[in-house]
file start.cif (mmCIF, C-alpha atoms and all ligand atoms)
data_query
loop_
_atom_site.label_atom_id
_atom_site.label_comp_id
_atom_site.auth_asym_id
_atom_site.auth_seq_id
_atom_site.Cartn_x
_atom_site.Cartn_y
_atom_site.Cartn_z
CA MET A 869 81.66 81.99 87.96
CA LYS A 870 81.14 85.34 86.26
CA ASN A 871 78.06 87.19 87.45
CA THR A 872 75.76 88.43 84.70
CA VAL A 873 72.53 90.39 84.28
CA LEU A 874 70.76 87.07 84.91
CA THR A 875 72.59 86.50 88.20
CA LEU A 876 71.38 89.87 89.48
CA LEU A 877 67.82 89.29 88.26
CA LYS A 878 67.71 85.86 89.93
CA GLN A 879 69.02 87.41 93.14
CA LYS A 880 66.09 89.82 93.14
CA GLN A 881 63.65 86.98 92.49
CA SER A 882 65.03 84.82 95.30
CA GLY A 883 65.55 87.69 97.76
CA ASP A 884 69.32 87.24 97.86
CA ARG A 885 70.54 90.80 98.37
CA ILE A 886 72.94 92.13 95.73
CA THR A 887 76.26 93.50 96.98
CA MET A 888 78.04 96.15 94.94
CA LEU A 889 81.05 98.34 95.72
CA THR A 890 82.93 100.87 93.67
CA ALA A 891 86.50 100.14 92.61
CA TYR A 892 88.80 102.05 90.30
CA ASP A 893 91.95 99.94 90.02
CA TYR A 894 93.19 96.36 89.60
CA THR A 895 94.44 95.73 93.15
CA THR A 896 91.24 96.87 94.83
CA ALA A 897 89.00 95.12 92.31
CA ARG A 898 90.88 91.87 92.94
CA ILE A 899 90.43 92.05 96.68
CA PHE A 900 86.70 92.84 96.39
CA ASP A 901 86.25 90.11 93.80
CA GLU A 902 87.98 87.57 96.04
CA CYS A 903 85.67 88.62 98.89
CA GLY A 904 82.75 87.67 96.67
CA VAL A 905 81.11 91.02 95.98
CA ASN A 906 78.45 90.46 93.29
CA SER A 907 79.18 93.54 91.24
CA ILE A 908 81.84 96.24 90.98
CA LEU A 909 80.96 99.74 89.87
CA VAL A 910 83.61 101.85 88.21
CA GLY A 911 81.78 104.99 89.28
CA ASP A 912 82.41 108.44 87.92
CA SER A 913 82.84 109.15 91.64
CA LEU A 914 86.46 108.47 90.66
CA GLY A 915 86.47 112.19 89.87
CA MET A 916 86.45 112.74 93.62
CA THR A 917 88.04 109.58 95.02
CA MET A 918 90.85 109.13 92.49
CA LEU A 919 91.33 112.55 90.91
CA GLY A 920 90.47 114.97 93.72
CA TYR A 921 87.73 116.99 91.99
CA ASP A 922 84.78 118.43 93.97
CA ASP A 923 82.19 116.63 91.81
CA THR A 924 81.89 114.20 88.89
CA LEU A 925 81.38 116.72 86.10
CA ALA A 926 84.97 116.93 84.80
CA VAL A 927 85.39 113.16 84.40
CA THR A 928 86.15 112.17 80.79
CA MET A 929 85.61 109.03 78.70
CA GLU A 930 89.39 108.55 78.76
CA ASP A 931 89.37 108.59 82.59
CA MET A 932 86.54 106.05 82.65
CA ILE A 933 88.14 103.71 80.11
CA HIS A 934 91.51 103.86 81.87
CA HIS A 935 90.07 102.88 85.26
CA THR A 936 87.53 100.40 83.89
CA ARG A 937 90.25 98.49 82.08
CA ALA A 938 92.20 98.11 85.32
CA VAL A 939 89.13 96.96 87.27
CA ALA A 940 88.03 94.50 84.57
CA ARG A 941 91.38 92.70 84.84
CA GLY A 942 90.85 92.18 88.56
CA ALA A 943 87.18 91.19 88.45
CA ASN A 944 87.04 87.48 87.69
CA ASN A 945 83.51 86.96 89.05
CA ALA A 946 82.00 90.35 89.81
CA PHE A 947 79.72 91.97 87.23
CA VAL A 948 81.57 95.13 86.14
CA VAL A 949 79.46 98.24 85.57
CA ALA A 950 81.12 101.39 84.18
CA ASP A 951 79.61 104.86 84.58
CA MET A 952 79.03 106.96 81.48
CA PRO A 953 80.59 110.33 82.37
CA PHE A 954 78.80 113.68 82.15
CA MET A 955 78.18 114.75 78.54
CA SER A 956 79.04 111.33 77.07
CA TYR A 957 75.34 110.46 76.50
CA GLN A 958 73.24 113.60 77.02
CA VAL A 959 73.73 115.22 73.59
CA SER A 960 72.57 112.41 71.29
CA THR A 961 71.75 108.72 71.14
CA GLU A 962 74.60 108.30 68.64
CA ASP A 963 77.06 109.66 71.23
CA ALA A 964 75.49 107.46 73.87
CA VAL A 965 75.82 104.23 71.86
CA ARG A 966 79.36 105.02 70.68
CA ASN A 967 80.58 105.88 74.17
CA ALA A 968 78.82 102.93 75.81
CA GLY A 969 80.51 100.73 73.21
CA ARG A 970 83.92 102.13 74.14
CA LEU A 971 83.41 101.25 77.82
CA ILE A 972 82.67 97.66 76.79
CA LYS A 973 85.22 97.24 73.98
CA GLU A 974 88.13 99.27 75.33
CA GLY A 975 87.30 99.18 79.05
CA GLY A 976 86.12 95.58 79.34
CA ALA A 977 82.97 96.49 81.30
CA ASN A 978 79.97 94.13 81.36
CA ALA A 979 77.42 96.96 81.47
CA VAL A 980 77.24 100.74 81.51
CA LYS A 981 75.39 103.05 83.91
CA LEU A 982 73.88 106.43 83.14
CA GLU A 983 71.87 108.95 85.14
CA GLY A 984 68.31 110.07 84.54
CA GLY A 985 64.74 108.94 83.90
CA ALA A 986 62.31 109.71 81.07
CA GLU A 987 64.75 112.11 79.43
CA VAL A 988 67.35 109.38 78.78
CA CYS A 989 65.02 106.52 77.78
CA GLY A 990 65.94 107.05 74.10
CA GLN A 991 69.60 106.56 75.00
CA ILE A 992 68.88 103.52 77.19
CA SER A 993 66.94 101.68 74.48
CA ALA A 994 69.50 102.58 71.79
CA ILE A 995 72.37 101.25 73.92
CA VAL A 996 70.40 98.09 74.81
CA ASN A 997 69.65 97.64 71.08
CA ALA A 998 73.41 97.64 70.56
CA SER A 999 73.53 94.62 72.92
CA ILE A 1000 74.96 96.51 75.87
CA PRO A 1001 73.25 96.13 79.27
CA VAL A 1002 72.34 99.46 80.88
CA VAL A 1003 71.99 100.21 84.59
CA ALA A 1004 69.89 103.33 85.19
CA HIS A 1005 70.45 105.77 88.10
CA LEU A 1006 67.65 107.77 89.72
CA GLY A 1007 67.20 110.12 92.66
CA LEU A 1008 70.22 112.13 93.76
CA THR A 1009 72.01 111.88 90.43
CA PRO A 1010 75.36 113.65 91.03
CA GLN A 1011 75.78 114.83 87.43
CA SER A 1012 72.76 117.11 88.06
CA VAL A 1013 74.34 118.74 91.14
CA ASN A 1014 74.09 122.21 89.60
CA VAL A 1015 70.37 121.74 88.87
CA PHE A 1016 69.68 120.46 92.40
CA GLY A 1017 71.75 123.26 93.93
CA GLY A 1018 73.87 120.78 95.92
CA PHE A 1019 73.92 117.10 96.88
CA LYS A 1020 70.38 117.00 98.28
CA VAL A 1021 68.02 114.11 99.05
CA GLN A 1022 65.44 113.73 96.25
CA GLY A 1023 61.87 112.41 96.13
CA LYS A 1024 60.56 113.98 99.33
CA SER A 1025 57.72 116.02 97.81
CA LEU A 1026 54.63 114.38 96.32
CA ASP A 1027 55.41 115.60 92.77
CA ASN A 1028 59.02 114.54 93.00
CA ALA A 1029 58.16 111.13 94.48
CA ARG A 1030 55.56 110.49 91.75
CA LYS A 1031 58.04 111.55 89.06
CA LEU A 1032 60.65 109.12 90.43
CA ILE A 1033 58.19 106.21 90.36
CA GLU A 1034 57.20 107.10 86.78
CA ASP A 1035 60.85 107.39 85.78
CA ALA A 1036 61.60 103.99 87.31
CA VAL A 1037 58.83 102.35 85.28
CA LYS A 1038 59.98 104.14 82.11
CA ILE A 1039 63.64 103.15 82.38
CA GLN A 1040 62.55 99.55 82.92
CA GLN A 1041 60.35 99.75 79.79
CA ALA A 1042 63.30 101.24 77.90
CA GLY A 1043 65.27 98.09 78.72
CA ALA A 1044 67.43 98.91 81.75
CA CYS A 1045 68.69 95.72 83.46
CA ALA A 1046 68.89 97.33 86.94
CA VAL A 1047 68.65 100.74 88.58
CA THR A 1048 70.67 102.53 91.20
CA LEU A 1049 68.52 104.51 93.64
CA GLU A 1050 70.56 107.22 95.31
CA GLY A 1051 69.64 109.60 98.11
CA ILE A 1052 65.89 109.03 98.34
CA PRO A 1053 63.64 108.16 101.31
CA ALA A 1054 63.68 104.46 102.24
CA LYS A 1055 59.92 104.05 101.92
CA LEU A 1056 59.91 105.46 98.40
CA ALA A 1057 62.80 103.16 97.39
CA GLU A 1058 60.83 100.22 98.77
CA ILE A 1059 57.75 101.13 96.71
CA ILE A 1060 59.89 101.44 93.56
CA THR A 1061 61.62 98.15 94.32
CA LYS A 1062 58.29 96.31 94.64
CA LYS A 1063 56.95 97.90 91.45
CA LEU A 1064 59.91 96.88 89.30
CA VAL A 1065 60.89 93.50 87.85
CA ILE A 1066 64.52 94.64 87.53
CA PRO A 1067 66.72 94.85 90.63
CA THR A 1068 67.18 98.13 92.51
CA ILE A 1069 70.57 98.83 94.07
CA GLY A 1070 70.40 101.48 96.74
CA ILE A 1071 72.83 104.02 98.16
CA GLY A 1072 71.26 106.18 100.82
CA ALA A 1073 67.93 104.58 99.91
CA GLY A 1074 67.33 102.20 102.82
CA SER A 1075 67.19 98.43 103.23
CA GLY A 1076 64.14 97.85 101.06
CA CYS A 1077 66.20 97.82 97.86
CA ASP A 1078 67.28 94.56 96.18
CA GLY A 1079 70.92 95.42 96.80
CA GLN A 1080 73.32 98.01 98.18
CA VAL A 1081 76.25 99.95 96.79
CA LEU A 1082 78.78 102.18 98.54
CA VAL A 1083 81.83 104.14 97.49
CA TYR A 1084 84.60 102.03 98.98
CA GLN A 1085 86.67 104.91 100.33
CA ASP A 1086 83.63 105.92 102.40
CA MET A 1087 82.97 102.46 103.88
CA LEU A 1088 86.65 101.65 104.51
CA GLY A 1089 87.52 104.93 106.21
CA LEU A 1090 89.67 106.36 103.43
CA THR A 1091 87.58 109.43 102.65
CA VAL A 1092 89.14 112.73 103.66
CA GLY A 1093 86.58 114.97 105.33
CA HIS A 1094 82.78 114.71 105.32
CA THR A 1095 80.89 111.53 104.47
CA PRO A 1096 77.10 111.48 103.97
CA LYS A 1097 74.64 110.23 106.64
CA PHE A 1098 74.02 106.95 104.79
CA VAL A 1099 77.68 105.84 104.98
CA LYS A 1100 78.71 103.21 107.49
CA LYS A 1101 82.42 102.88 108.18
CA PHE A 1102 83.07 99.12 108.15
CA ALA A 1103 86.83 99.48 108.67
CA ASP A 1104 89.41 102.21 109.24
CA VAL A 1105 91.86 101.45 106.47
CA GLY A 1106 92.98 105.08 106.47
CA GLU A 1107 94.25 104.65 110.03
CA VAL A 1108 96.05 101.40 109.10
CA MET A 1109 97.73 103.19 106.18
CA ARG A 1110 98.78 106.16 108.33
CA GLN A 1111 100.29 103.84 110.93
CA GLY A 1112 102.14 101.76 108.31
CA VAL A 1113 103.56 104.81 106.54
CA SER A 1114 104.64 106.42 109.84
CA ASP A 1115 106.37 103.19 110.89
CA TYR A 1116 108.16 103.05 107.52
CA ILE A 1117 109.42 106.62 107.86
CA THR A 1118 110.67 105.94 111.40
CA ALA A 1119 112.40 102.69 110.36
CA VAL A 1120 114.21 104.28 107.39
CA LYS A 1121 115.30 107.27 109.48
CA ASP A 1122 116.65 105.13 112.35
CA GLY A 1123 118.30 102.61 110.00
CA SER A 1124 116.31 99.59 111.20
CA PHE A 1125 114.96 99.09 107.67
CA PRO A 1126 116.21 97.44 105.54
CA SER A 1127 117.58 94.78 107.87
CA GLU A 1128 119.51 91.61 106.94
CA GLU A 1129 116.38 89.67 105.93
CA HIS A 1130 115.43 92.30 103.34
CA THR A 1131 118.95 92.52 101.87
CA TYR A 1132 120.77 90.59 99.11
CA ALA A 1133 124.09 88.94 100.06
CA ILE A 1134 127.20 88.40 97.93
CA ASP A 1135 130.16 85.96 98.35
CA GLU A 1136 133.01 87.41 100.42
CA ASP A 1137 135.67 86.44 97.78
CA VAL A 1138 133.86 88.57 95.16
CA ILE A 1139 133.88 91.50 97.52
CA SER A 1140 137.56 91.08 98.45
CA ALA A 1141 138.46 90.73 94.75
CA ILE A 1142 136.66 94.00 93.98
CA ALA A 1143 138.38 95.69 96.92
CA LYS A 1144 141.85 94.85 95.52
O1 LIG B 1 79.83 107.05 90.84
C1 LIG B 1 79.41 106.32 91.76
O2 LIG B 1 80.17 105.85 92.64
C2 LIG B 1 78.00 105.99 91.77
C3 LIG B 1 77.46 105.32 92.99
C4 LIG B 1 77.46 106.26 94.14
C5 LIG B 1 76.13 104.74 92.74
O3 LIG B 1 77.32 106.30 90.83
NA NA B 2 78.23 107.73 89.37
#
call {"tool": "encode", "arguments": {"input": "start.cif", "output": "structure tokens"}}
result
Amino acid sequence: MKNTVLTLLKQKQSGDRITMLTAYDYTTARIFDECGVNSILVGDSLGMTMLGYDDTLAVTMEDMIHHTRAVARGANNAFVVADMPFMSYQVSTEDAVRNAGRLIKEGGANAVKLEGGAEVCGQISAIVNASIPVVAHLGLTPQSVNVFGGFKVQGKSLDNARKLIEDAVKIQQAGACAVTLEGIPAKLAEIITKKLVIPTIGIGAGSGCDGQVLVYQDMLGLTVGHTPKFVKKFADVGEVMRQGVSDYITAVKDGSFPSEEHTYAIDEDVISAIAK
């Protein structure tokens, strides 16, 4: 059965932790959906994981729609959330509503996600008024990397922690259906989670959140180079891929692939007739 905003809300109420993973294509979305993940996030992290950029800032609406469409086809049950890319909602509420609408209509998402607190409440309520569920995103919001001066844990100082709690309350009042809490101390995330009616989905925010999300390349061992402290590697798919590809190269080079079983046969009389 398709998960909805109500499924996630009921999970919070009953203490059934929400599971979310990123996905950016049909094949991966299908596997995660079959595993029973509650929600799939088409994150603008695809700028890094799919497109090889250093951050999310260059990701376009076209990129997001393209990948969301592929994921939506593979997600029979999972609630599909699509990120609004940098500069698709900051300039005006009109932009925000139009671009959120595109992720739903053209991308097939079930909800959109955008970064920020008080400063984006106008956008959140306008998008919700257009009948589109909005997931908010607070804490280490990667689209603000240049303001933070790097990917740094947020909410450690008293002022910053207070501001995050206020922002969380405000985005809920604006109509957000859930909020991602990224890169903040676990105890702060727990306080925010208890204060809110809507579910919190944490990444680098401890176990006190109503759910967890990870970038799948990080948790499956596909990320090249550094992964943050909060990542746990649940499998080494990268190693499996390297082994499989190496074996393929060896088998082609030594002629052991393709063998008889992977080859189409033809009647001998046809062959001898051709040879004449
Ligand atoms: O883009 C993304 O993958 C995200 C998650 C890290 C929450 O926003
Ligand atoms: Na994101």
call {"tool": "residues_around", "arguments": {"input": "start.cif", "residues": "A:Phe900", "least_positions_apart": "2", "cutoff": "9 Å", "atoms": "all atoms listed in the file", "output": "list in words"}}
result
Leu889, Ala891, Thr895, Thr896, Ala897, Arg898, Glu902, Cys903, Gly904, Val905, Ile908, Gly942, Ala943 and Ala946 of chain A
call {"tool": "residues_near_ligand", "arguments": {"input": "start.cif", "ligand": "ligand NA 2 (chain B)", "cutoff": "8 Å", "atoms": "all atoms listed in the file", "output": "MDAnalysis selection string"}}
result
chainID A and resid 911:913 924 951:953 981:983 1009:1011
call {"tool": "atom_distance", "arguments": {"input": "start.cif", "atom1": "atom CA of A:Phe1016", "atom2": "atom CA of A:Ile1052"}}
result
13.4 Å
call {"tool": "atom_distance", "arguments": {"input": "start.cif", "atom1": "atom CA of A:Pro1067", "atom2": "atom CA of A:Leu1006"}}
result
13.0 Å
call {"tool": "residues_around", "arguments": {"input": "start.cif", "residues": "stretch 1025-1033 of chain A", "least_positions_apart": "3", "cutoff": "10 Å", "atoms": "all atoms listed in the file", "output": "list of chain:residue names"}}
result
A:Gly984, A:Gly985, A:Ala986, A:Leu1006, A:Gly1007, A:Gln1022, A:Ala1036, A:Val1037, A:Lys1038, A:Leu1049, A:Ile1052, A:Pro1053, A:Leu1056, A:Ala1057, A:Ile1059, A:Ile1060, A:Thr1061, A:Lys1063, A:Leu1064
call {"tool": "write_last_selection", "arguments": {"input": "start.cif", "atoms": "C-alpha atoms", "output": "mmCIF file, in the coordinates of the input"}}
result
data_model
loop_
_atom_site.group_PDB
_atom_site.id
_atom_site.type_symbol
_atom_site.label_atom_id
_atom_site.label_comp_id
_atom_site.auth_asym_id
_atom_site.auth_seq_id
_atom_site.Cartn_x
_atom_site.Cartn_y
_atom_site.Cartn_z
ATOM 1 C CA GLY A 984 68.310 110.070 84.540
ATOM 2 C CA GLY A 985 64.740 108.940 83.900
ATOM 3 C CA ALA A 986 62.310 109.710 81.070
ATOM 4 C CA LEU A 1006 67.650 107.770 89.720
ATOM 5 C CA GLY A 1007 67.200 110.120 92.660
ATOM 6 C CA GLN A 1022 65.440 113.730 96.250
ATOM 7 C CA ALA A 1036 61.600 103.990 87.310
ATOM 8 C CA VAL A 1037 58.830 102.350 85.280
ATOM 9 C CA LYS A 1038 59.980 104.140 82.110
ATOM 10 C CA LEU A 1049 68.520 104.510 93.640
ATOM 11 C CA ILE A 1052 65.890 109.030 98.340
ATOM 12 C CA PRO A 1053 63.640 108.160 101.310
ATOM 13 C CA LEU A 1056 59.910 105.460 98.400
ATOM 14 C CA ALA A 1057 62.800 103.160 97.390
ATOM 15 C CA ILE A 1059 57.750 101.130 96.710
ATOM 16 C CA ILE A 1060 59.890 101.440 93.560
ATOM 17 C CA THR A 1061 61.620 98.150 94.320
ATOM 18 C CA LYS A 1063 56.950 97.900 91.450
ATOM 19 C CA LEU A 1064 59.910 96.880 89.300
#
call {"tool": "closest_residue", "arguments": {"input": "start.cif", "among": "A:Gly969, A:Gly1079, A:Gly1072, A:Gly1043", "to": "A:Thr1095", "atoms": "only C-alpha atoms"}}
result
A:Gly1072
call {"tool": "closest_residue", "arguments": {"input": "start.cif", "among": "A:Glu1129, A:Asp963, A:Asp1104, A:Asp1078", "to": "A:Lys880", "atoms": "all atoms listed in the file"}}
result
A:Asp1078
call {"tool": "closest_atom_pairs", "arguments": {"input": "start.cif", "of": "chain A", "to": "ligand LIG 1 (chain B)", "cutoff": "7 Å", "atoms": "all atoms listed in the file", "output": "CSV"}}
result
residue,atom,partner,partner_atom,distance
A:Thr890,CA,B:LIG1,O2,5.8
A:Leu909,CA,B:LIG1,O2,6.8
A:Val910,CA,B:LIG1,O2,6.9
A:Gly911,CA,B:LIG1,O1,3.2
A:Asp912,CA,B:LIG1,O1,4.1
A:Ser913,CA,B:LIG1,O1,3.8
A:Leu914,CA,B:LIG1,O1,6.8
A:Asp951,CA,B:LIG1,O1,6.6
A:Thr1048,CA,B:LIG1,C5,6.1
A:Glu1050,CA,B:LIG1,C5,6.6
A:Ile1071,CA,B:LIG1,C5,6.4
A:Val1081,CA,B:LIG1,C5,6.3
A:Leu1082,CA,B:LIG1,C4,6.1
A:Val1083,CA,B:LIG1,O2,5.4
call {"tool": "closest_residue", "arguments": {"input": "start.cif", "among": "A:Ser1127, A:Thr887, A:Gln1111, A:Asn997", "to": "A:Ala964", "atoms": "all atoms listed in the file"}}
result
A:Asn997
call {"tool": "residues_around", "arguments": {"input": "start.cif", "residues": "A:Arg966", "least_positions_apart": "4", "cutoff": "10 Å", "atoms": "only C-alpha atoms", "output": "ChimeraX atom specification"}}
result
/A:956-957,961-962,970-971,995,998
call {"tool": "write_last_selection", "arguments": {"input": "start.cif", "atoms": "C-alpha atoms", "output": "PDB file, keeping the file's coordinate frame"}}
result
ATOM      1  CA  SER A 956      79.040 111.330  77.070  1.00  0.00           C
ATOM      2  CA  TYR A 957      75.340 110.460  76.500  1.00  0.00           C
ATOM      3  CA  THR A 961      71.750 108.720  71.140  1.00  0.00           C
ATOM      4  CA  GLU A 962      74.600 108.300  68.640  1.00  0.00           C
ATOM      5  CA  ARG A 970      83.920 102.130  74.140  1.00  0.00           C
ATOM      6  CA  LEU A 971      83.410 101.250  77.820  1.00  0.00           C
ATOM      7  CA  ILE A 995      72.370 101.250  73.920  1.00  0.00           C
ATOM      8  CA  ALA A 998      73.410  97.640  70.560  1.00  0.00           C
TER       9      ALA A 998
END
call {"tool": "decode", "arguments": {"input": "start.cif", "residues": "stretch 1099-1111 of chain A", "atoms": "N, CA and C atoms", "output": "mmCIF file, in the first residue's frame"}}
result
data_model
loop_
_atom_site.group_PDB
_atom_site.id
_atom_site.type_symbol
_atom_site.label_atom_id
_atom_site.label_comp_id
_atom_site.auth_asym_id
_atom_site.auth_seq_id
_atom_site.Cartn_x
_atom_site.Cartn_y
_atom_site.Cartn_z
ATOM 1 N N VAL A 1099 27.686 8.424 9.331
ATOM 2 C CA VAL A 1099 27.380 7.352 8.376
ATOM 3 C C VAL A 1099 27.794 5.996 8.928
ATOM 4 N N LYS A 1100 26.897 5.033 8.816
ATOM 5 C CA LYS A 1100 27.284 3.647 9.080
ATOM 6 C C LYS A 1100 27.240 2.892 7.754
ATOM 7 N N LYS A 1101 28.306 2.125 7.501
ATOM 8 C CA LYS A 1101 28.362 1.346 6.263
ATOM 9 C C LYS A 1101 27.697 -0.015 6.508
ATOM 10 N N PHE A 1102 26.493 -0.184 5.983
ATOM 11 C CA PHE A 1102 25.729 -1.412 6.217
ATOM 12 C C PHE A 1102 26.113 -2.531 5.241
ATOM 13 N N ALA A 1103 26.742 -2.169 4.137
ATOM 14 C CA ALA A 1103 27.217 -3.175 3.176
ATOM 15 C C ALA A 1103 28.307 -2.537 2.332
ATOM 16 N N ASP A 1104 29.151 -3.375 1.724
ATOM 17 C CA ASP A 1104 30.212 -2.860 0.856
ATOM 18 C C ASP A 1104 29.909 -3.215 -0.592
ATOM 19 N N VAL A 1105 28.896 -2.544 -1.126
ATOM 20 C CA VAL A 1105 28.477 -2.798 -2.507
ATOM 21 C C VAL A 1105 29.571 -2.376 -3.488
ATOM 22 N N GLY A 1106 30.321 -1.352 -3.115
ATOM 23 C CA GLY A 1106 31.414 -0.899 -3.975
ATOM 24 C C GLY A 1106 32.407 -2.028 -4.221
ATOM 25 N N GLU A 1107 32.723 -2.780 -3.163
ATOM 26 C CA GLU A 1107 33.663 -3.893 -3.277
ATOM 27 C C GLU A 1107 33.073 -4.999 -4.162
ATOM 28 N N VAL A 1108 31.791 -5.281 -3.984
ATOM 29 C CA VAL A 1108 31.111 -6.288 -4.818
ATOM 30 C C VAL A 1108 31.161 -5.871 -6.290
ATOM 31 N N MET A 1109 30.934 -4.594 -6.563
ATOM 32 C CA MET A 1109 30.978 -4.106 -7.945
ATOM 33 C C MET A 1109 32.382 -4.223 -8.530
ATOM 34 N N ARG A 1110 33.386 -3.829 -7.746
ATOM 35 C CA ARG A 1110 34.772 -3.894 -8.221
ATOM 36 C C ARG A 1110 35.154 -5.335 -8.566
ATOM 37 N N GLN A 1111 34.758 -6.267 -7.702
ATOM 38 C CA GLN A 1111 35.073 -7.675 -7.926
ATOM 39 C C GLN A 1111 34.374 -8.173 -9.199
#
